[in-house]
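K.L.:
Sharing upload.csv (CSV, C-alpha atoms) below.
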chain,number,residue,atom,x,y,z
A,703,MET,CA,118.8,106.9,153.5
A,704,LEU,CA,118.4,110.6,153.2
A,705,GLN,CA,119.3,112.6,150.1
A,706,CYS,CA,119.4,116.3,149.8
A,707,ILE,CA,119.6,118.1,146.4
A,708,PRO,CA,120.2,121.8,145.8
A,709,PRO,CA,119.0,124.2,147.1
A,710,PHE,CA,120.7,122.5,150.0
A,711,ASP,CA,118.8,122.7,153.3
A,712,THR,CA,121.4,123.0,156.0
A,713,SER,CA,118.9,122.3,158.7
A,714,CYS,CA,118.9,118.6,157.7
A,715,ALA,CA,122.7,118.3,157.7
A,716,LEU,CA,122.7,116.7,161.2
A,717,GLN,CA,120.4,113.9,160.0
A,718,ILE,CA,122.1,112.9,156.7
A,719,THR,CA,123.9,109.6,156.8
A,720,HIS,CA,124.1,108.7,153.1
A,721,LEU,CA,124.4,110.7,150.0
A,722,CYS,CA,123.9,109.4,146.4
A,723,MET,CA,124.2,111.9,143.6
A,724,THR,CA,126.3,113.1,140.6
A,725,PRO,CA,129.6,114.8,141.3
A,726,SER,CA,128.2,118.0,139.8
A,727,VAL,CA,125.5,118.2,142.4
A,728,PHE,CA,127.8,117.1,145.1
A,729,GLU,CA,130.1,120.0,144.2
A,730,LEU,CA,127.4,122.4,145.4
A,731,ILE,CA,127.5,121.0,148.9
A,732,VAL,CA,131.1,119.8,149.2
A,733,GLU,CA,132.0,122.5,151.7
A,734,CYS,CA,129.0,121.8,154.0
A,735,ASP,CA,129.5,120.3,157.5
A,736,LEU,CA,127.8,116.9,157.5
A,737,PRO,CA,128.8,115.3,160.8
A,738,SER,CA,126.5,112.3,160.6
A,739,LEU,CA,127.6,111.3,157.0
A,740,VAL,CA,128.6,107.6,156.7
A,741,CYS,CA,128.5,106.9,153.0
A,742,ILE,CA,128.9,108.9,149.8
A,743,THR,CA,128.1,107.3,146.4
A,744,LEU,CA,128.9,109.4,143.3
A,745,ALA,CA,127.9,108.3,139.8
A,746,GLY,CA,126.8,109.6,136.5
A,747,GLU,CA,129.9,111.4,135.5
A,748,ARG,CA,133.6,111.6,136.4
A,749,VAL,CA,134.4,112.3,140.0
A,750,LEU,CA,136.6,115.3,140.5
A,751,GLN,CA,139.9,114.5,142.2
A,752,HIS,CA,139.6,117.2,144.9
A,753,GLN,CA,136.2,115.7,145.9
A,754,LEU,CA,137.9,112.3,146.4
A,755,GLU,CA,140.8,113.8,148.3
A,756,MET,CA,138.6,115.9,150.6
A,757,TRP,CA,136.1,113.3,151.6
A,758,ARG,CA,137.7,109.8,151.3
A,759,ASP,CA,139.1,110.1,154.8
A,760,LYS,CA,136.0,111.7,156.4
A,761,VAL,CA,133.5,109.0,155.8
A,762,GLN,CA,133.4,105.3,156.4
A,763,HIS,CA,132.5,104.6,152.8
A,764,PHE,CA,133.3,106.6,149.7
A,765,VAL,CA,132.0,104.8,146.6
A,766,ILE,CA,132.4,105.7,142.9
A,767,GLY,CA,129.7,104.1,140.8
A,768,TYR,CA,129.5,103.7,137.0
A,769,GLY,CA,126.6,102.8,134.8
A,770,PRO,CA,125.1,104.4,131.6
A,771,THR,CA,121.4,105.1,131.6
A,772,GLU,CA,121.0,102.1,129.3
A,773,THR,CA,122.2,99.8,132.1
A,774,ASP,CA,121.7,101.6,135.4
A,775,MET,CA,124.7,101.5,137.8
A,776,CYS,CA,126.7,98.3,137.2
A,777,THR,CA,130.1,98.8,138.7
A,778,ALA,CA,131.4,100.3,142.0
A,779,MET,CA,134.7,101.0,143.6
A,780,GLU,CA,135.2,102.0,147.2
A,781,PHE,CA,137.8,104.6,148.2
A,782,ASN,CA,138.9,105.2,151.8
A,783,SER,CA,141.9,105.7,154.1
A,784,ARG,CA,142.3,102.0,154.6
A,785,VAL,CA,143.3,101.3,150.9
A,786,GLU,CA,146.1,102.6,148.8
A,787,HIS,CA,145.5,105.7,146.8
A,788,ARG,CA,143.6,105.1,143.6
A,789,SER,CA,142.7,107.2,140.6
A,790,SER,CA,139.1,108.3,140.2
A,791,ASN,CA,139.4,106.9,136.7
A,792,ILE,CA,139.0,103.4,138.2
A,793,ILE,CA,135.3,102.6,138.1
A,794,GLY,CA,135.5,99.3,140.0
A,795,SER,CA,134.2,95.7,139.5
A,796,PRO,CA,130.8,94.5,138.4
A,797,LEU,CA,127.9,94.4,140.8
A,798,PRO,CA,125.8,91.2,141.2
A,799,ASN,CA,124.1,90.0,138.0
A,800,VAL,CA,126.3,92.2,135.8
A,801,THR,CA,128.9,91.0,133.3
A,802,TYR,CA,131.3,93.2,131.4
A,803,TYR,CA,133.7,92.6,128.5
A,804,VAL,CA,136.6,94.7,127.1
A,805,LEU,CA,136.6,94.0,123.4
A,806,ASP,CA,138.3,95.0,120.2
A,807,THR,CA,136.5,96.1,117.0
A,808,HIS,CA,136.0,92.4,116.1
A,809,LEU,CA,134.2,91.7,119.5
A,810,GLN,CA,137.2,89.7,120.7
A,811,PRO,CA,138.5,90.1,124.3
A,812,VAL,CA,141.6,92.2,124.6
A,813,PRO,CA,144.4,91.3,127.1
A,814,VAL,CA,144.7,92.9,130.6
A,815,ARG,CA,146.0,96.5,130.4
A,816,VAL,CA,145.2,96.7,126.7
A,817,MET,CA,142.6,99.4,125.6
A,818,GLY,CA,139.3,98.2,124.3
A,819,GLU,CA,135.6,99.2,124.3
A,820,LEU,CA,133.5,98.3,127.3
A,821,TYR,CA,130.4,96.1,126.7
A,822,ILE,CA,127.9,95.4,129.5
A,823,GLY,CA,125.7,92.4,129.9
A,824,GLY,CA,123.4,90.9,132.5
A,825,ASP,CA,120.1,91.7,134.1
A,826,CYS,CA,120.8,95.5,134.1
A,827,VAL,CA,120.7,95.9,130.3
A,828,ALA,CA,117.7,97.9,129.1
A,829,ARG,CA,115.4,96.7,126.3
A,830,GLY,CA,116.4,99.6,124.0
A,831,TYR,CA,115.4,103.1,123.0
A,832,PRO,CA,111.7,103.9,122.6
A,833,ASN,CA,110.7,104.4,119.0
A,834,ARG,CA,114.3,104.2,117.7
A,835,PRO,CA,114.7,100.7,116.4
A,836,GLY,CA,117.8,101.5,114.3
A,837,LEU,CA,119.7,103.0,117.2
A,838,THR,CA,118.6,100.1,119.4
A,839,ARG,CA,120.0,97.5,117.0
A,840,LYS,CA,123.3,99.4,116.9
A,841,ALA,CA,123.8,99.8,120.6
A,842,PHE,CA,122.1,96.6,122.0
A,843,ILE,CA,123.7,93.6,120.4
A,844,LYS,CA,123.6,89.8,120.8
A,845,ASN,CA,126.0,88.6,123.5
A,846,PRO,CA,128.3,86.0,121.9
A,847,PHE,CA,129.6,85.0,125.3
A,848,SER,CA,126.1,84.2,126.7
A,849,SER,CA,125.8,80.6,127.8
A,850,ASP,CA,122.2,80.3,126.7
A,851,GLY,CA,122.6,82.2,123.4
A,852,GLY,CA,119.8,84.6,124.2
A,853,GLY,CA,121.6,87.3,126.1
A,854,ARG,CA,122.3,90.8,124.9
A,855,MET,CA,125.0,93.3,125.8
A,856,TYR,CA,125.2,97.1,125.5
A,857,LYS,CA,127.9,98.8,123.5
A,858,THR,CA,128.9,101.7,125.8
A,859,GLY,CA,131.3,103.6,123.6
A,860,ASP,CA,133.6,104.0,126.6
A,861,MET,CA,137.3,103.1,126.0
A,862,VAL,CA,138.8,101.3,129.0
A,863,LYS,CA,141.5,98.9,130.2
A,864,LEU,CA,140.9,95.8,132.3
A,865,LEU,CA,143.3,95.8,135.3
A,866,PRO,CA,144.7,92.6,136.9
A,867,ASP,CA,142.4,92.8,139.9
A,868,GLY,CA,139.3,92.8,137.6
A,869,SER,CA,138.5,96.4,138.0
A,870,ILE,CA,138.1,98.8,135.0
A,871,PHE,CA,140.2,101.9,134.3
A,872,CYS,CA,138.2,104.4,132.2
A,873,ILE,CA,140.2,106.2,129.5
A,874,GLY,CA,137.5,108.2,127.6
A,875,ARG,CA,135.0,108.1,124.8
A,876,LYS,CA,135.5,106.7,121.4
A,877,ASP,CA,133.2,109.4,119.9
A,878,GLY,CA,132.4,113.1,120.5
A,879,GLN,CA,130.1,112.5,123.5
A,880,VAL,CA,130.9,114.3,126.7
A,881,LYS,CA,129.3,114.8,130.1
A,882,ILE,CA,128.4,118.4,131.2
A,883,ARG,CA,127.1,118.6,134.7
A,884,GLY,CA,125.6,115.1,134.5
A,885,ASN,CA,124.1,115.6,131.0
A,886,ARG,CA,125.2,113.9,127.8
A,887,VAL,CA,126.2,116.3,125.1
A,888,GLU,CA,127.2,115.4,121.5
A,889,LEU,CA,129.9,117.9,120.5
A,890,GLY,CA,129.2,117.3,116.8
A,891,GLU,CA,125.6,118.4,117.2
A,892,VAL,CA,126.7,121.6,118.9
A,893,GLU,CA,129.2,122.2,116.2
A,894,ALA,CA,126.6,121.7,113.5
A,895,ALA,CA,124.3,124.2,115.3
A,896,LEU,CA,127.1,126.8,115.4
A,897,ARG,CA,127.7,126.4,111.7
A,898,SER,CA,124.0,127.0,111.0
A,899,VAL,CA,124.0,130.3,112.8
A,900,ASN,CA,125.5,132.2,109.8
A,901,SER,CA,126.3,131.1,106.3
A,902,ARG,CA,129.7,132.8,106.6
A,903,ILE,CA,130.8,130.3,109.2
A,904,THR,CA,132.9,127.6,107.5
A,905,ARG,CA,134.2,125.6,110.4
A,906,ALA,CA,133.3,125.2,114.1
A,907,VAL,CA,134.9,123.3,116.9
A,908,VAL,CA,133.5,122.9,120.5
A,909,LEU,CA,135.6,121.9,123.5
A,910,VAL,CA,134.9,121.3,127.1
A,911,HIS,CA,136.5,123.7,129.7
A,912,GLU,CA,135.7,123.4,133.4
A,913,GLN,CA,132.2,121.9,132.9
A,914,SER,CA,131.3,124.4,130.2
A,915,LEU,CA,131.3,124.3,126.4
A,916,VAL,CA,133.5,126.7,124.5
A,917,GLY,CA,133.0,127.2,120.8
A,918,PHE,CA,135.5,128.4,118.1
A,919,VAL,CA,134.4,129.3,114.6
A,920,THR,CA,136.1,130.3,111.4
In structure tokens, write the structure found in this file.
P.N.:
Amino acid sequence: MLQCIPPFDTSCALQITHLCMTPSVFELIVECDLPSLVCITLAGERVLQHQLEMWRDKVQHFVIGYGPTETDMCTAMEFNSRVEHRSSNIIGSPLPNVTYYVLDTHLQPVPVRVMGELYIGGDCVARGYPNRPGLTRKAFIKNPFSSDGGGRMYKTGDMVKLLPDGSIFCIGRKDGQVKIRGNRVELGEVEAALRSVNSRITRAVVLVHEQSLVGFVT
């Protein structure tokens, strides 16, 4: 498998058969001519709809992957001309050795098509955050559904719905965290930084607009 990252070397375009990258990086080469391309795998942030529409019929396999850094990629969904149109919000079914749960605030499973928070278990779950035991205890919790009683699961903070076919429909975050060009950003931290610029600033709000941050202050 060959992978090119910007600055994109067009001389290698004839050799590329597989690409695996974030949608933000892929956007920089989306107009390139890649005649040998067989498979595209995009993960790390939400796939843009025009990327899906442009490429799903041009390659044999167009795959959208999902997985926080704390678990690596753990679900995948393939899109191509042989299946019905699907929204890029659908992040697929679990990969081998991965389990997921859509739970309410009491860690109870919610019915199909009912919104809940996504929890991930299995071999993909990390040990925790280095030198941050408090945050580790909050995010990595005991898995009450584990058969041996020793498993853990990761609390993703992503609000989702479980679909009848077992795939996951992603709705959004339950907190102020967003993805900007593949990087996690806590809007509350940016707002606090804005308020600290000048003592006369009483309120600050930060929104996402076209993969950039826009701040408003009073």
K.L.:
Extract, using all atoms listed in the file, all DNA, RNA and protein residues at most 12 Å from region 893-899 of chain A, discarding same-chain residues fewer than 3 positions from it, and format them as a ChimeraX atom specification.
P.N.:
/A:878,887-890,902-909,915-920
K.L.:
Taking (129.9, 113.7, 127.6) in the coordinates of the supplied file, I want to know which residues reach to within 12 Å of it, counting only C-alpha atoms; could you give the answer as a list in words?
P.N.:
Gly746, Glu747, Arg748, Pro770, Gly859, Asp860, Gly874, Arg875, Lys876, Asp877, Gly878, Gln879, Val880, Lys881, Ile882, Arg883, Gly884, Asn885, Arg886, Val887, Glu888, Leu889, Gly890, Leu909, Val910, Gln913, Ser914 and Leu915 of chain A
K.L.:
Using only C-alpha atoms, determine which residues lie at most 8 Å from Thr773 (chain A), disregarding the query and same-chain residues fewer than 4 positions distant; provide the list as a list in words.
P.N.:
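Residues near the query, excluding close chain neighbours: Gly769, Ile822, Cys826, Val827, Ala828 and Tyr856 of chain A.
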K.L.:
Write out as a PyMOL selection string the residues lying within 7 Å of region 800-802 of chain A, counting all atoms listed in the file and excluding same-chain residues fewer than 5 positions away.
P.N.:
chain A and resi 776+820-826
K.L.:
Could you tell me how far CA of Leu865 (chain A) sits from CA of Ile793 (chain A), in Å to one decimal place?
P.N.:
10.9 Å
K.L.:
Choose the residue, out of A:Met861, A:Ile792, A:Val761, A:Ile718, that has the smallest atom-to-atom separation from Thr807 (chain A); count all atoms listed in the file.
P.N.:
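Of A:Met861, A:Ile792, A:Val761, A:Ile718, the one nearest Thr807 (chain A), counting all atoms listed in the file, is A:Met861.
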K.L.:
Determine the nearest neighbour of Lys863 (chain A) from the options A:Phe728, A:Phe764, A:Phe781, A:Tyr803, counting only C-alpha atoms.
P.N.:
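That would be A:Tyr803, the residue with the smallest distance to Lys863 (chain A).
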K.L.:
Could you jot down the CA of Ser848 (chain A) to CA of Asn833 (chain A) separation for me, Å, one decimal place?
P.N.:
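CA of Asn833 (chain A) lies 26.5 Å from CA of Ser848 (chain A).
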K.L.:
So, counting only C-alpha atoms, which residue among A:Ser849, A:Thr743, A:Thr771, A:Thr777 is closest to Val727 (chain A)?
P.N.:
A:Thr743
K.L.:
In Å to one decimal, how far is CA of Pro798 (chain A) from CA of Arg815 (chain A)?
P.N.:
23.5 Å
K.L.:
Determine the nearest neighbour of Val804 (chain A) from the options A:Glu729, A:Glu819, A:Glu780, A:Asp735, counting all atoms listed in the file.
P.N.:
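Looking only at the distances to Val804 (chain A), the closest residue turns out to be A:Glu819.
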K.L.:
When you count all atoms listed in the file, which of these residues is closest to Val812 (chain A): A:Ile873, A:Ile731, A:Val892, A:Val862?
P.N.:
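Going through A:Ile873, A:Ile731, A:Val892, A:Val862 one by one, the smallest distance to Val812 (chain A) is for A:Val862.
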K.L.:
Give the answer as one residue: which of A:Leu721, A:Leu864, A:Leu837, A:Val765 has the shortest atom-to-atom distance to Val814 (chain A), using all atoms listed in the file?
P.N.:
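Once distances to Val814 (chain A) are computed over all atoms listed in the file, the minimum belongs to A:Leu864.
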K.L.:
Got a sec: who's within 7 Å of Arg854 (chain A), counting only C-alpha atoms, leaving out chain neighbours fewer than 3 positions off, as a ChimeraX atom specification?
P.N.:
/A:823,842-845
K.L.:
Quick one: region 804-815 of chain A with all heavy atoms, as a compact mmCIF listing (two decimals), in the frame of the given file?
P.N.:
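This went into result-v6.txt:
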# COMPACT_ATOMS: atom_id res chain seq x y z
N VAL A 804 135.73 93.69 127.79
CA VAL A 804 136.60 94.70 127.10
C VAL A 804 136.98 94.08 125.79
O VAL A 804 137.77 93.13 125.76
CB VAL A 804 137.78 95.09 127.98
CG1 VAL A 804 138.58 96.18 127.27
CG2 VAL A 804 137.33 95.56 129.36
N LEU A 805 136.43 94.61 124.69
CA LEU A 805 136.60 94.00 123.40
C LEU A 805 137.19 94.89 122.36
O LEU A 805 137.14 96.12 122.48
CB LEU A 805 135.17 93.53 122.89
CG LEU A 805 134.31 92.71 123.87
CD1 LEU A 805 132.96 92.42 123.24
CD2 LEU A 805 135.02 91.42 124.27
N ASP A 806 137.76 94.26 121.31
CA ASP A 806 138.30 95.00 120.20
C ASP A 806 137.19 95.24 119.15
O ASP A 806 136.01 94.92 119.39
CB ASP A 806 139.52 94.34 119.59
CG ASP A 806 139.21 92.94 119.04
OD1 ASP A 806 138.02 92.63 118.79
OD2 ASP A 806 140.16 92.17 118.86
N THR A 807 137.55 95.76 117.99
CA THR A 807 136.50 96.10 117.00
C THR A 807 135.92 94.80 116.36
O THR A 807 134.89 94.88 115.69
CB THR A 807 137.18 96.89 115.84
OG1 THR A 807 138.32 96.19 115.32
CG2 THR A 807 137.62 98.25 116.37
N HIS A 808 136.53 93.63 116.61
CA HIS A 808 136.00 92.40 116.10
C HIS A 808 135.25 91.60 117.22
O HIS A 808 134.98 90.40 117.07
CB HIS A 808 137.11 91.50 115.55
CG HIS A 808 137.88 92.15 114.45
ND1 HIS A 808 137.37 92.36 113.19
CD2 HIS A 808 139.15 92.66 114.43
CE1 HIS A 808 138.27 92.96 112.44
NE2 HIS A 808 139.36 93.14 113.16
N LEU A 809 134.92 92.28 118.31
CA LEU A 809 134.20 91.70 119.50
C LEU A 809 135.02 90.55 120.09
O LEU A 809 134.44 89.59 120.60
CB LEU A 809 132.82 91.21 119.06
CG LEU A 809 131.86 92.29 118.57
CD1 LEU A 809 130.49 91.67 118.30
CD2 LEU A 809 131.74 93.43 119.55
N GLN A 810 136.35 90.69 120.06
CA GLN A 810 137.20 89.70 120.70
C GLN A 810 137.82 90.34 121.97
O GLN A 810 138.22 91.51 121.96
CB GLN A 810 138.34 89.28 119.77
CG GLN A 810 137.84 88.54 118.55
CD GLN A 810 137.09 87.25 118.91
OE1 GLN A 810 137.59 86.44 119.69
NE2 GLN A 810 135.91 87.09 118.35
N PRO A 811 137.89 89.58 123.06
CA PRO A 811 138.50 90.10 124.30
C PRO A 811 139.91 90.55 124.12
O PRO A 811 140.69 89.88 123.43
CB PRO A 811 138.35 88.94 125.28
CG PRO A 811 137.28 88.06 124.71
CD PRO A 811 137.38 88.20 123.23
N VAL A 812 140.27 91.67 124.71
CA VAL A 812 141.60 92.20 124.60
C VAL A 812 142.36 91.76 125.94
O VAL A 812 141.73 91.52 126.97
CB VAL A 812 141.70 93.68 124.46
CG1 VAL A 812 141.01 94.08 123.18
CG2 VAL A 812 141.08 94.41 125.65
N PRO A 813 143.69 91.64 125.93
CA PRO A 813 144.40 91.30 127.10
C PRO A 813 144.32 92.34 128.23
O PRO A 813 143.93 93.48 127.99
CB PRO A 813 145.88 91.14 126.63
CG PRO A 813 145.77 90.97 125.15
CD PRO A 813 144.57 91.75 124.74
N VAL A 814 144.69 91.95 129.42
CA VAL A 814 144.70 92.90 130.60
C VAL A 814 145.67 94.04 130.22
O VAL A 814 146.72 93.85 129.60
CB VAL A 814 145.23 92.13 131.82
CG1 VAL A 814 145.49 93.11 132.96
CG2 VAL A 814 144.20 91.09 132.25
N ARG A 815 145.25 95.23 130.60
CA ARG A 815 146.00 96.50 130.40
C ARG A 815 146.04 96.94 128.93
O ARG A 815 146.79 97.86 128.59
CB ARG A 815 147.40 96.43 130.97
CG ARG A 815 147.44 96.23 132.48
CD ARG A 815 148.84 96.41 133.01
NE ARG A 815 148.94 96.15 134.45
CZ ARG A 815 148.59 97.00 135.40
NH1 ARG A 815 148.10 98.19 135.08
NH2 ARG A 815 148.72 96.68 136.67
